>>> print(open('start_36.pdb').read())   # PDB, C-alpha atoms, pLDDT in the B column
ATOM      1  CA  MET A 141      67.183 -83.920   2.237  1.00 38.00           C
ATOM      2  CA  THR A 142      68.146 -82.207   5.473  1.00 36.00           C
ATOM      3  CA  ASN A 143      65.407 -80.412   7.351  1.00 44.00           C
ATOM      4  CA  LEU A 144      64.524 -79.534  10.967  1.00 47.00           C
ATOM      5  CA  ASN A 145      67.900 -80.456  12.437  1.00 43.00           C
ATOM      6  CA  GLY A 146      68.165 -83.602  10.382  1.00 42.00           C
ATOM      7  CA  ILE A 147      65.099 -85.458  11.657  1.00 45.00           C
ATOM      8  CA  LEU A 148      63.853 -85.888   8.111  1.00 44.00           C
ATOM      9  CA  GLU A 149      67.148 -86.436   6.325  1.00 37.00           C
ATOM     10  CA  ASP A 150      66.722 -90.199   6.104  1.00 38.00           C
ATOM     11  CA  ILE A 151      63.252 -90.001   4.563  1.00 43.00           C
ATOM     12  CA  PRO A 152      63.418 -90.752   0.810  1.00 44.00           C
ATOM     13  CA  PRO A 153      61.840 -88.407  -1.748  1.00 45.00           C
ATOM     14  CA  SER A 154      58.161 -88.936  -2.372  1.00 44.00           C
ATOM     15  CA  PRO A 155      57.502 -91.459  -5.167  1.00 46.00           C
ATOM     16  CA  ASP A 156      54.351 -89.606  -6.182  1.00 49.00           C
ATOM     17  CA  GLY A 157      56.140 -87.036  -8.308  1.00 49.00           C
ATOM     18  CA  PRO A 158      57.805 -83.635  -7.999  1.00 51.00           C
ATOM     19  CA  ASP A 159      54.530 -81.799  -7.270  1.00 56.00           C
ATOM     20  CA  THR A 160      53.803 -83.899  -4.175  1.00 58.00           C
ATOM     21  CA  PRO A 161      54.357 -81.979  -0.908  1.00 63.00           C
ATOM     22  CA  ALA A 162      57.563 -82.966   0.852  1.00 73.00           C
ATOM     23  CA  PRO A 163      57.469 -84.618   4.277  1.00 82.00           C
ATOM     24  CA  THR A 164      57.392 -82.047   7.057  1.00 89.00           C
ATOM     25  CA  ILE A 165      56.582 -81.614  10.731  1.00 93.00           C
ATOM     26  CA  LEU A 166      53.188 -80.084  11.510  1.00 94.00           C
ATOM     27  CA  GLY A 167      53.383 -76.512  12.745  1.00 93.00           C
ATOM     28  CA  PRO A 168      52.468 -75.481  16.308  1.00 92.00           C
ATOM     29  CA  TRP A 169      48.904 -74.443  15.427  1.00 94.00           C
ATOM     30  CA  ALA A 170      48.236 -77.645  13.503  1.00 96.00           C
ATOM     31  CA  THR A 171      49.801 -79.637  16.343  1.00 97.00           C
ATOM     32  CA  ALA A 172      47.575 -77.873  18.883  1.00 96.00           C
ATOM     33  CA  PHE A 173      44.490 -78.366  16.705  1.00 96.00           C
ATOM     34  CA  TRP A 174      45.030 -82.076  16.186  1.00 97.00           C
ATOM     35  CA  GLY A 175      46.153 -82.595  19.788  1.00 97.00           C
ATOM     36  CA  LEU A 176      43.001 -80.933  21.100  1.00 97.00           C
ATOM     37  CA  GLY A 177      40.914 -82.943  18.682  1.00 97.00           C
ATOM     38  CA  ALA A 178      42.546 -86.151  19.890  1.00 97.00           C
ATOM     39  CA  LEU A 179      41.835 -85.229  23.513  1.00 96.00           C
ATOM     40  CA  LEU A 180      38.197 -84.381  22.746  1.00 96.00           C
ATOM     41  CA  LEU A 181      37.729 -87.673  20.916  1.00 97.00           C
ATOM     42  CA  PHE A 182      39.485 -89.441  23.779  1.00 96.00           C
ATOM     43  CA  GLY A 183      37.166 -87.793  26.306  1.00 95.00           C
ATOM     44  CA  GLY A 184      34.089 -88.571  24.245  1.00 96.00           C
ATOM     45  CA  ALA A 185      35.102 -92.225  23.968  1.00 96.00           C
ATOM     46  CA  GLN A 186      35.681 -92.338  27.718  1.00 95.00           C
ATOM     47  CA  LEU A 187      32.263 -90.850  28.400  1.00 94.00           C
ATOM     48  CA  ALA A 188      30.557 -93.306  26.065  1.00 95.00           C
ATOM     49  CA  GLY A 189      32.564 -96.182  27.521  1.00 94.00           C
ATOM     50  CA  ALA A 190      31.642 -95.223  31.092  1.00 93.00           C
ATOM     51  CA  PHE A 191      27.909 -95.030  30.367  1.00 93.00           C
ATOM     52  CA  GLY A 192      28.083 -98.258  28.382  1.00 94.00           C
ATOM     53  CA  TYR A 193      29.876-100.034  31.213  1.00 93.00           C
ATOM     54  CA  ILE A 194      27.376 -98.762  33.794  1.00 93.00           C
ATOM     55  CA  TYR A 195      24.444 -99.870  31.647  1.00 93.00           C
ATOM     56  CA  LEU A 196      25.816-103.371  31.056  1.00 92.00           C
ATOM     57  CA  PHE A 197      26.877-103.769  34.684  1.00 90.00           C
ATOM     58  CA  ASN A 198      23.442-102.792  35.981  1.00 92.00           C
ATOM     59  CA  GLN A 199      21.787-105.180  33.542  1.00 91.00           C
ATOM     60  CA  THR A 200      23.896-108.098  34.754  1.00 89.00           C
ATOM     61  CA  HIS A 201      24.171-107.111  38.460  1.00 86.00           C
ATOM     62  CA  PRO A 202      20.716-105.848  39.483  1.00 85.00           C
ATOM     63  CA  ALA A 203      21.537-106.339  43.159  1.00 84.00           C
ATOM     64  CA  ARG A 204      24.481-103.915  43.026  1.00 84.00           C
ATOM     65  CA  ARG A 205      23.813-101.029  40.709  1.00 86.00           C
ATOM     66  CA  LEU A 206      26.480 -98.562  39.629  1.00 86.00           C
ATOM     67  CA  THR A 207      25.815 -94.840  39.347  1.00 82.00           C
ATOM     68  CA  VAL A 208      27.743 -91.955  37.804  1.00 80.00           C
ATOM     69  CA  GLY A 209      29.024 -91.169  41.293  1.00 79.00           C
ATOM     70  CA  ASP A 210      30.915 -94.482  41.327  1.00 79.00           C
ATOM     71  CA  VAL A 211      32.972 -93.601  38.255  1.00 80.00           C
ATOM     72  CA  PRO A 212      35.929 -91.857  39.999  1.00 81.00           C
ATOM     73  CA  THR A 213      36.825 -94.858  42.185  1.00 84.00           C
ATOM     74  CA  ASP A 214      35.527 -97.944  40.370  1.00 90.00           C
ATOM     75  CA  GLY A 215      38.699 -99.624  39.171  1.00 91.00           C
ATOM     76  CA  PRO A 216      37.222-102.098  36.665  1.00 93.00           C
ATOM     77  CA  LEU A 217      35.114 -99.324  35.125  1.00 94.00           C
ATOM     78  CA  ILE A 218      38.051 -96.928  34.766  1.00 94.00           C
ATOM     79  CA  ALA A 219      40.325 -99.633  33.371  1.00 95.00           C
ATOM     80  CA  THR A 220      37.695-100.665  30.825  1.00 95.00           C
ATOM     81  CA  VAL A 221      37.201 -97.047  29.792  1.00 95.00           C
ATOM     82  CA  MET A 222      40.963 -96.649  29.291  1.00 96.00           C
ATOM     83  CA  LEU A 223      41.129 -99.763  27.133  1.00 96.00           C
ATOM     84  CA  VAL A 224      38.161 -98.625  25.031  1.00 96.00           C
ATOM     85  CA  SER A 225      39.216 -94.988  24.566  1.00 97.00           C
ATOM     86  CA  THR A 226      42.978 -95.296  23.999  1.00 97.00           C
ATOM     87  CA  PRO A 227      42.644 -96.689  20.430  1.00 97.00           C
ATOM     88  CA  PHE A 228      40.575 -93.603  19.512  1.00 97.00           C
ATOM     89  CA  LEU A 229      43.298 -91.322  20.863  1.00 97.00           C
ATOM     90  CA  VAL A 230      46.077 -93.148  19.044  1.00 97.00           C
ATOM     91  CA  GLY A 231      44.014 -93.379  15.859  1.00 97.00           C
ATOM     92  CA  MET A 232      43.392 -89.630  15.808  1.00 97.00           C
ATOM     93  CA  ILE A 233      47.102 -88.950  16.234  1.00 98.00           C
ATOM     94  CA  ALA A 234      47.945 -91.401  13.450  1.00 97.00           C
ATOM     95  CA  LEU A 235      45.485 -89.575  11.188  1.00 97.00           C
ATOM     96  CA  ALA A 236      47.179 -86.261  11.984  1.00 97.00           C
ATOM     97  CA  VAL A 237      50.642 -87.660  11.285  1.00 97.00           C
ATOM     98  CA  ARG A 238      49.505 -88.847   7.858  1.00 94.00           C
ATOM     99  CA  ARG A 239      49.164 -85.201   6.855  1.00 91.00           C
ATOM    100  CA  SER A 240      52.883 -84.696   7.433  1.00 93.00           C
ATOM    101  CA  ARG A 241      53.851 -87.520   5.059  1.00 92.00           C
ATOM    102  CA  VAL A 242      56.464 -88.594   7.602  1.00 95.00           C
ATOM    103  CA  PRO A 243      56.402 -92.304   8.543  1.00 96.00           C
ATOM    104  CA  LEU A 244      54.472 -92.775  11.782  1.00 96.00           C
ATOM    105  CA  LYS A 245      57.316 -94.472  13.634  1.00 96.00           C
ATOM    106  CA  ASP A 246      59.710 -91.634  12.750  1.00 96.00           C
ATOM    107  CA  TYR A 247      57.307 -88.799  13.541  1.00 97.00           C
ATOM    108  CA  LEU A 248      56.400 -90.276  16.945  1.00 97.00           C
ATOM    109  CA  ALA A 249      59.913 -91.655  17.616  1.00 97.00           C
ATOM    110  CA  LEU A 250      58.624 -95.204  17.977  1.00 97.00           C
ATOM    111  CA  HIS A 251      62.133 -96.659  17.932  1.00 95.00           C
ATOM    112  CA  TRP A 252      63.644 -99.196  20.310  1.00 96.00           C
ATOM    113  CA  PRO A 253      65.946 -97.479  22.814  1.00 96.00           C
ATOM    114  CA  ARG A 254      69.521 -98.478  23.453  1.00 96.00           C
ATOM    115  CA  LEU A 255      70.100-100.633  26.536  1.00 96.00           C
ATOM    116  CA  ARG A 256      72.229 -97.855  28.020  1.00 97.00           C
ATOM    117  CA  ASP A 257      69.378 -95.345  27.738  1.00 97.00           C
ATOM    118  CA  TYR A 258      66.933 -97.823  29.249  1.00 96.00           C
ATOM    119  CA  LEU A 259      69.197 -98.381  32.254  1.00 97.00           C
ATOM    120  CA  ILE A 260      69.705 -94.627  32.670  1.00 97.00           C
ATOM    121  CA  GLY A 261      65.943 -94.202  32.495  1.00 97.00           C
ATOM    122  CA  LEU A 262      65.349 -96.792  35.209  1.00 97.00           C
ATOM    123  CA  ALA A 263      67.948 -95.189  37.445  1.00 97.00           C
ATOM    124  CA  GLY A 264      66.486 -91.728  36.878  1.00 97.00           C
ATOM    125  CA  LEU A 265      62.970 -92.982  37.555  1.00 97.00           C
ATOM    126  CA  ALA A 266      64.159 -94.492  40.832  1.00 97.00           C
ATOM    127  CA  VAL A 267      65.636 -91.134  41.871  1.00 96.00           C
ATOM    128  CA  VAL A 268      62.407 -89.270  41.036  1.00 95.00           C
ATOM    129  CA  LEU A 269      60.275 -91.766  42.965  1.00 94.00           C
ATOM    130  CA  VAL A 270      62.559 -91.791  46.010  1.00 95.00           C
ATOM    131  CA  LEU A 271      62.616 -87.992  46.168  1.00 94.00           C
ATOM    132  CA  ALA A 272      58.828 -87.894  45.816  1.00 92.00           C
ATOM    133  CA  SER A 273      58.459 -90.461  48.592  1.00 91.00           C
ATOM    134  CA  VAL A 274      60.733 -88.461  50.901  1.00 93.00           C
ATOM    135  CA  MET A 275      58.816 -85.265  50.225  1.00 92.00           C
ATOM    136  CA  ALA A 276      55.507 -87.048  50.844  1.00 89.00           C
ATOM    137  CA  SER A 277      56.795 -88.317  54.192  1.00 89.00           C
ATOM    138  CA  LEU A 278      58.068 -84.873  55.221  1.00 89.00           C
ATOM    139  CA  THR A 279      54.803 -83.150  54.316  1.00 87.00           C
ATOM    140  CA  GLY A 280      52.517 -85.886  55.625  1.00 86.00           C
ATOM    141  CA  GLU A 281      50.936 -86.561  52.244  1.00 86.00           C
ATOM    142  CA  GLU A 282      48.960 -89.784  52.016  1.00 82.00           C
ATOM    143  CA  THR A 283      48.101 -91.925  49.028  1.00 80.00           C
ATOM    144  CA  PRO A 284      45.210 -90.254  47.151  1.00 80.00           C
ATOM    145  CA  GLY A 285      41.809 -91.784  47.772  1.00 78.00           C
ATOM    146  CA  PHE A 286      41.404 -92.114  44.005  1.00 80.00           C
ATOM    147  CA  MET A 287      44.270 -94.608  43.898  1.00 86.00           C
ATOM    148  CA  THR A 288      43.287 -96.650  46.953  1.00 88.00           C
ATOM    149  CA  GLY A 289      39.613 -96.732  46.005  1.00 87.00           C
ATOM    150  CA  THR A 290      40.383 -97.763  42.443  1.00 90.00           C
ATOM    151  CA  PHE A 291      42.714-100.545  43.536  1.00 92.00           C
ATOM    152  CA  GLU A 292      40.431-101.862  46.273  1.00 92.00           C
ATOM    153  CA  SER A 293      37.407-102.002  43.990  1.00 90.00           C
ATOM    154  CA  GLY A 294      39.413-103.892  41.383  1.00 91.00           C
ATOM    155  CA  ARG A 295      40.782-106.324  43.941  1.00 92.00           C
ATOM    156  CA  ASN A 296      37.352-106.911  45.497  1.00 90.00           C
ATOM    157  CA  ALA A 297      35.926-107.628  42.045  1.00 89.00           C
ATOM    158  CA  GLY A 298      38.770-110.031  41.247  1.00 92.00           C
ATOM    159  CA  MET A 299      39.754-107.904  38.255  1.00 93.00           C
ATOM    160  CA  LEU A 300      43.305-106.792  39.030  1.00 93.00           C
ATOM    161  CA  PRO A 301      44.551-108.109  35.650  1.00 95.00           C
ATOM    162  CA  LEU A 302      42.080-105.745  33.968  1.00 95.00           C
ATOM    163  CA  LEU A 303      43.419-102.874  36.096  1.00 95.00           C
ATOM    164  CA  ALA A 304      46.945-103.757  35.043  1.00 95.00           C
ATOM    165  CA  LEU A 305      45.972-103.661  31.358  1.00 96.00           C
ATOM    166  CA  GLY A 306      44.239-100.325  31.765  1.00 96.00           C
ATOM    167  CA  PHE A 307      46.706 -98.494  33.997  1.00 95.00           C
ATOM    168  CA  VAL A 308      50.021-100.176  33.177  1.00 96.00           C
ATOM    169  CA  VAL A 309      49.535-100.724  29.437  1.00 97.00           C
ATOM    170  CA  ALA A 310      46.783 -98.581  27.878  1.00 97.00           C
ATOM    171  CA  ALA A 311      47.334 -95.367  29.852  1.00 96.00           C
ATOM    172  CA  PRO A 312      51.110 -95.155  29.256  1.00 97.00           C
ATOM    173  CA  VAL A 313      50.753 -96.000  25.554  1.00 98.00           C
ATOM    174  CA  GLY A 314      48.078 -93.396  24.870  1.00 97.00           C
ATOM    175  CA  GLU A 315      49.528 -90.607  27.020  1.00 97.00           C
ATOM    176  CA  GLU A 316      53.115 -91.006  25.851  1.00 98.00           C
ATOM    177  CA  ILE A 317      52.174 -91.174  22.170  1.00 98.00           C
ATOM    178  CA  LEU A 318      50.201 -87.951  22.611  1.00 98.00           C
ATOM    179  CA  PHE A 319      52.552 -85.957  24.841  1.00 98.00           C
ATOM    180  CA  ARG A 320      56.120 -87.212  24.328  1.00 97.00           C
ATOM    181  CA  GLY A 321      55.363 -88.348  20.782  1.00 97.00           C
ATOM    182  CA  PHE A 322      53.013 -86.048  18.874  1.00 98.00           C
ATOM    183  CA  LEU A 323      52.964 -82.819  20.907  1.00 97.00           C
ATOM    184  CA  TYR A 324      56.675 -82.991  21.706  1.00 97.00           C
ATOM    185  CA  ARG A 325      57.561 -83.310  18.019  1.00 97.00           C
ATOM    186  CA  GLY A 326      55.438 -80.357  16.930  1.00 96.00           C
ATOM    187  CA  ILE A 327      56.632 -78.058  19.720  1.00 97.00           C
ATOM    188  CA  GLU A 328      60.312 -79.013  19.431  1.00 96.00           C
ATOM    189  CA  ALA A 329      60.378 -78.426  15.665  1.00 93.00           C
ATOM    190  CA  ARG A 330      59.242 -74.818  16.069  1.00 92.00           C
ATOM    191  CA  PHE A 331      60.389 -73.715  19.535  1.00 96.00           C
ATOM    192  CA  GLY A 332      63.163 -76.099  20.572  1.00 95.00           C
ATOM    193  CA  VAL A 333      63.795 -78.825  23.103  1.00 96.00           C
ATOM    194  CA  LEU A 334      63.284 -77.001  26.415  1.00 97.00           C
ATOM    195  CA  PRO A 335      59.846 -75.556  25.533  1.00 97.00           C
ATOM    196  CA  ALA A 336      58.814 -79.000  24.282  1.00 97.00           C
ATOM    197  CA  ILE A 337      59.838 -80.679  27.535  1.00 98.00           C
ATOM    198  CA  LEU A 338      58.248 -78.014  29.743  1.00 97.00           C
ATOM    199  CA  THR A 339      55.007 -77.711  27.792  1.00 97.00           C
ATOM    200  CA  THR A 340      54.340 -81.439  27.520  1.00 97.00           C
ATOM    201  CA  ALA A 341      55.116 -81.951  31.217  1.00 97.00           C
ATOM    202  CA  PHE A 342      52.645 -79.280  32.341  1.00 95.00           C
ATOM    203  CA  LEU A 343      49.952 -80.297  29.866  1.00 95.00           C
ATOM    204  CA  TRP A 344      50.294 -83.910  30.971  1.00 95.00           C
ATOM    205  CA  ALA A 345      49.929 -82.854  34.618  1.00 94.00           C
ATOM    206  CA  ILE A 346      46.749 -80.907  33.831  1.00 91.00           C
ATOM    207  CA  LEU A 347      45.255 -84.147  32.525  1.00 88.00           C
ATOM    208  CA  HIS A 348      45.482 -85.573  36.072  1.00 86.00           C
ATOM    209  CA  ILE A 349      43.133 -83.149  37.799  1.00 82.00           C
ATOM    210  CA  GLN A 350      41.860 -85.916  40.095  1.00 77.00           C
ATOM    211  CA  TYR A 351      44.986 -85.451  42.264  1.00 80.00           C
ATOM    212  CA  ASP A 352      45.807 -82.705  44.752  1.00 82.00           C
ATOM    213  CA  VAL A 353      48.520 -80.085  44.283  1.00 88.00           C
ATOM    214  CA  PHE A 354      51.326 -82.200  45.776  1.00 88.00           C
ATOM    215  CA  PHE A 355      50.784 -85.134  43.445  1.00 89.00           C
ATOM    216  CA  ILE A 356      50.245 -82.896  40.429  1.00 91.00           C
ATOM    217  CA  ALA A 357      53.659 -81.375  41.202  1.00 92.00           C
ATOM    218  CA  GLU A 358      55.058 -84.918  41.330  1.00 92.00           C
ATOM    219  CA  ILE A 359      53.521 -85.619  37.924  1.00 94.00           C
ATOM    220  CA  VAL A 360      55.133 -82.444  36.553  1.00 95.00           C
ATOM    221  CA  ALA A 361      58.515 -83.639  37.833  1.00 95.00           C
ATOM    222  CA  LEU A 362      57.970 -87.051  36.273  1.00 96.00           C
ATOM    223  CA  GLY A 363      56.891 -85.396  33.024  1.00 97.00           C
ATOM    224  CA  LEU A 364      60.058 -83.300  32.935  1.00 97.00           C
ATOM    225  CA  PHE A 365      62.127 -86.430  33.440  1.00 98.00           C
ATOM    226  CA  LEU A 366      60.258 -88.330  30.707  1.00 98.00           C
ATOM    227  CA  GLY A 367      60.686 -85.388  28.347  1.00 97.00           C
ATOM    228  CA  TRP A 368      64.407 -85.341  29.011  1.00 97.00           C
ATOM    229  CA  MET A 369      64.623 -89.078  28.365  1.00 97.00           C
ATOM    230  CA  ARG A 370      62.658 -88.606  25.151  1.00 97.00           C
ATOM    231  CA  ARG A 371      65.242 -86.082  24.006  1.00 96.00           C
ATOM    232  CA  LYS A 372      68.263 -88.071  25.177  1.00 96.00           C
ATOM    233  CA  SER A 373      67.186 -91.401  23.717  1.00 97.00           C
ATOM    234  CA  GLY A 374      65.143 -90.278  20.702  1.00 96.00           C
ATOM    235  CA  SER A 375      62.643 -92.951  21.687  1.00 97.00           C
ATOM    236  CA  THR A 376      59.032 -92.635  22.765  1.00 98.00           C
ATOM    237  CA  LEU A 377      59.010 -96.388  23.310  1.00 98.00           C
ATOM    238  CA  LEU A 378      61.420 -95.751  26.164  1.00 98.00           C
ATOM    239  CA  THR A 379      59.118 -93.206  27.812  1.00 98.00           C
ATOM    240  CA  ILE A 380      56.201 -95.638  27.401  1.00 98.00           C
ATOM    241  CA  ALA A 381      58.248 -98.310  29.169  1.00 98.00           C
ATOM    242  CA  LEU A 382      59.258 -95.943  31.984  1.00 98.00           C
ATOM    243  CA  HIS A 383      55.694 -94.651  32.378  1.00 98.00           C
ATOM    244  CA  ALA A 384      54.414 -98.241  32.517  1.00 98.00           C
ATOM    245  CA  THR A 385      57.079 -99.109  35.092  1.00 97.00           C
ATOM    246  CA  ASN A 386      56.008 -96.169  37.255  1.00 96.00           C
ATOM    247  CA  ASN A 387      52.349 -97.203  37.123  1.00 95.00           C
ATOM    248  CA  GLY A 388      53.216-100.838  37.740  1.00 95.00           C
ATOM    249  CA  LEU A 389      55.267 -99.945  40.813  1.00 95.00           C
ATOM    250  CA  ALA A 390      52.369 -97.848  42.128  1.00 92.00           C
ATOM    251  CA  MET A 391      50.026-100.819  41.769  1.00 93.00           C
ATOM    252  CA  ALA A 392      52.532-103.138  43.420  1.00 93.00           C
ATOM    253  CA  ALA A 393      52.939-100.723  46.317  1.00 91.00           C
ATOM    254  CA  LEU A 394      49.181-100.606  46.820  1.00 90.00           C
ATOM    255  CA  ALA A 395      49.015-104.412  46.715  1.00 89.00           C
ATOM    256  CA  LEU A 396      51.744-104.720  49.322  1.00 87.00           C
ATOM    257  CA  GLY A 397      50.267-102.015  51.514  1.00 80.00           C
ATOM    258  CA  ILE A 398      53.423 -99.883  51.301  1.00 52.00           C
ATOM    259  CA  GLN A 399      51.577 -96.653  50.579  1.00 49.00           C
TER     260      GLN A 399
END
>>> encode(input="start_36.pdb", output="structure tokens")
Amino acid sequence: MTNLNGILEDIPPSPDGPDTPAPTILGPWATAFWGLGALLLFGGAQLAGAFGYIYLFNQTHPARRLTVGDVPTDGPLIATVMLVSTPFLVGMIALAVRRSRVPLKDYLALHWPRLRDYLIGLAGLAVVLVLASVMASLTGEETPGFMTGTFESGRNAGMLPLLALGFVVAAPVGEEILFRGFLYRGIEARFGVLPAILTTAFLWAILHIQYDVFFIAEIVALGLFLGWMRRKSGSTLLTIALHATNNGLAMAALALGIQ
């Protein structure tokens, strides 16, 4: 069966009988509905995780109590929240994909990339980061306080491995599965590649409202690049790897005092 530019042609007929709905990509409204639902569940899990962390921390560290005001820059707290909430995000997306009857790995493009695409992705990421660094130097932009505060609090608590799990593993997995996996697929199937790349890049940037305009623009540029790599490689695993590399380099730069 050939459908939607061939993305479903390798999926065998349903074994449940001729009256069973055929595999298909969710439409734009269904994609938006489930995507919004995933984000709301994600946010709710983050909120619950933050309050739970604060409660447990204050019970075990009465001499140094955390408050809601500490949330934006407390690295261990944020990393823990990411680790707790990401499974809810991914689970909601998996539930949505089940409605399409397309295998999860095919719908979300969870395929291993070719070595050539991975090397192109690394080279492209290097170009984006160098250009962003040059622009930051020319405009006098400094590393956001959110990043430095988060890193310093994690280092002072001796919990940098936890930060790495939260920011270098959990965040890229959850965000890429949502944006370059689920949302990209639904938008591309109805409107085409360019709208899918543009829309997911801007929506992803909106998620990072803790940054100022300069760094949000940098995130848009990175999102456009990741969307292009998603299209070129047909692999969301590649964009997860590139996203994780970007976050890992940012942490390494903070550790070395480069930024």
>>> resolve_selection(input="start_36.pdb", expression="the PyMOL selection byres ((chain A and resi 283-287) around 8)", output="PDB file with C-alpha atoms, in the frame of the given file")
ATOM      1  CA  PRO A 212      35.929 -91.857  39.999  1.00 81.00           C
ATOM      2  CA  THR A 213      36.825 -94.858  42.185  1.00 84.00           C
ATOM      3  CA  GLU A 281      50.936 -86.561  52.244  1.00 86.00           C
ATOM      4  CA  GLU A 282      48.960 -89.784  52.016  1.00 82.00           C
ATOM      5  CA  THR A 288      43.287 -96.650  46.953  1.00 88.00           C
ATOM      6  CA  GLY A 289      39.613 -96.732  46.005  1.00 87.00           C
ATOM      7  CA  THR A 290      40.383 -97.763  42.443  1.00 90.00           C
ATOM      8  CA  PHE A 291      42.714-100.545  43.536  1.00 92.00           C
ATOM      9  CA  GLN A 350      41.860 -85.916  40.095  1.00 77.00           C
ATOM     10  CA  TYR A 351      44.986 -85.451  42.264  1.00 80.00           C
ATOM     11  CA  ASP A 352      45.807 -82.705  44.752  1.00 82.00           C
ATOM     12  CA  GLN A 399      51.577 -96.653  50.579  1.00 49.00           C
TER      13      GLN A 399
END
>>> resolve_selection(input="start_36.pdb", expression="the PyMOL selection byres ((chain A and resi 334-345) around 9)", output="PyMOL selection string")
chain A and resi 315+319-320+323-329+331-333+346-349+356-368+370-371
>>> atom_distance(input="start_36.pdb", atom1="CA of Ala392 (chain A)", atom2="CA of Ala304 (chain A)")
10.1 Å
>>> atom_distance(input="start_36.pdb", atom1="CA of Leu235 (chain A)", atom2="CA of Leu305 (chain A)")
24.6 Å
>>> residues_near_point(input="start_36.pdb", point="(35.5, -96.8, 41.9)", cutoff="12 Å", atoms="all atoms listed in the file", output="ChimeraX atom specification")
/A:190,194,206-220,285-297,303
>>> closest_residue(input="start_36.pdb", among="A:Leu259, A:Val224, A:Leu271, A:Leu250", to="Ala311 (chain A)", atoms="all atoms listed in the file")
A:Val224
>>> residues_around(input="start_36.pdb", residues="Gly175 (chain A)", least_positions_apart="5", cutoff="10 Å", atoms="all atoms listed in the file", output="ChimeraX atom specification")
/A:169-170,180-181,229,232-233,236,318-319,322-323,326
>>> write_last_selection(input="start_36.pdb", atoms="C-alpha atoms", output="PDB file, in the coordinates of the input")
ATOM      1  CA  TRP A 169      48.904 -74.443  15.427  1.00 94.00           C
ATOM      2  CA  ALA A 170      48.236 -77.645  13.503  1.00 96.00           C
ATOM      3  CA  LEU A 180      38.197 -84.381  22.746  1.00 96.00           C
ATOM      4  CA  LEU A 181      37.729 -87.673  20.916  1.00 97.00           C
ATOM      5  CA  LEU A 229      43.298 -91.322  20.863  1.00 97.00           C
ATOM      6  CA  MET A 232      43.392 -89.630  15.808  1.00 97.00           C
ATOM      7  CA  ILE A 233      47.102 -88.950  16.234  1.00 98.00           C
ATOM      8  CA  ALA A 236      47.179 -86.261  11.984  1.00 97.00           C
ATOM      9  CA  LEU A 318      50.201 -87.951  22.611  1.00 98.00           C
ATOM     10  CA  PHE A 319      52.552 -85.957  24.841  1.00 98.00           C
ATOM     11  CA  PHE A 322      53.013 -86.048  18.874  1.00 98.00           C
ATOM     12  CA  LEU A 323      52.964 -82.819  20.907  1.00 97.00           C
ATOM     13  CA  GLY A 326      55.438 -80.357  16.930  1.00 96.00           C
TER      14      GLY A 326
END
>>> atom_distance(input="start_36.pdb", atom1="CA of Lys372 (chain A)", atom2="CA of Ile165 (chain A)")
19.7 Å
>>> resolve_selection(input="start_36.pdb", expression="the PyMOL selection byres ((chain A and resi 383) around 12)", output="ChimeraX atom specification")
/A:261-262,265-266,269,307-317,319-320,359,362-363,365-367,369-370,376-382,384-390
>>> closest_residue(input="start_36.pdb", among="A:Ile260, A:Leu278, A:Leu196, A:Leu166", to="Leu248 (chain A)", atoms="only C-alpha atoms")
A:Leu166
>>> residues_around(input="start_36.pdb", residues="Ser240 (chain A)", least_positions_apart="5", cutoff="9 Å", atoms="all atoms listed in the file", output="ChimeraX atom specification")
/A:161-166,247
>>> axis_aligned_box(input="start_36.pdb", around="region 362-375 of chain A", padding_each_side="8 Å", output="AutoDock Vina command-line options")
--center_x 62.6 --center_y -88.1 --center_z 28.5 --size_x 27.4 --size_y 25.7 --size_z 31.6
>>> closest_residue(input="start_36.pdb", among="A:Gln199, A:Trp252, A:Gly189, A:Met391", to="Pro301 (chain A)", atoms="all atoms listed in the file")
A:Met391
>>> closest_residue(input="start_36.pdb", among="A:Leu244, A:Leu300, A:Leu255, A:Val270", to="Leu394 (chain A)", atoms="all atoms listed in the file")
A:Leu300
>>> build_atoms(input="start_36.pdb", residues="region 241-248 of chain A", atoms="N, CA and C atoms", output="JSON list (two decimals), keeping the file's coordinate frame")
[["chain", "number", "residue", "atom", "x", "y", "z"],
["A", 241, "ARG", "N", 53.17, -86.64, 6.00],
["A", 241, "ARG", "CA", 53.85, -87.52, 5.06],
["A", 241, "ARG", "C", 55.15, -88.08, 5.62],
["A", 242, "VAL", "N", 55.32, -87.97, 6.92],
["A", 242, "VAL", "CA", 56.46, -88.59, 7.60],
["A", 242, "VAL", "C", 56.00, -89.95, 8.13],
["A", 243, "PRO", "N", 56.80, -91.00, 7.99],
["A", 243, "PRO", "CA", 56.40, -92.30, 8.54],
["A", 243, "PRO", "C", 56.05, -92.19, 10.03],
["A", 244, "LEU", "N", 54.99, -92.89, 10.42],
["A", 244, "LEU", "CA", 54.47, -92.78, 11.78],
["A", 244, "LEU", "C", 55.54, -93.06, 12.84],
["A", 245, "LYS", "N", 56.32, -94.11, 12.62],
["A", 245, "LYS", "CA", 57.32, -94.47, 13.63],
["A", 245, "LYS", "C", 58.41, -93.42, 13.77],
["A", 246, "ASP", "N", 58.71, -92.69, 12.68],
["A", 246, "ASP", "CA", 59.71, -91.63, 12.75],
["A", 246, "ASP", "C", 59.13, -90.37, 13.38],
["A", 247, "TYR", "N", 57.92, -90.01, 13.00],
["A", 247, "TYR", "CA", 57.31, -88.80, 13.54],
["A", 247, "TYR", "C", 57.13, -88.92, 15.05],
["A", 248, "LEU", "N", 56.68, -90.08, 15.52],
["A", 248, "LEU", "CA", 56.40, -90.28, 16.94],
["A", 248, "LEU", "C", 57.57, -90.89, 17.69]]
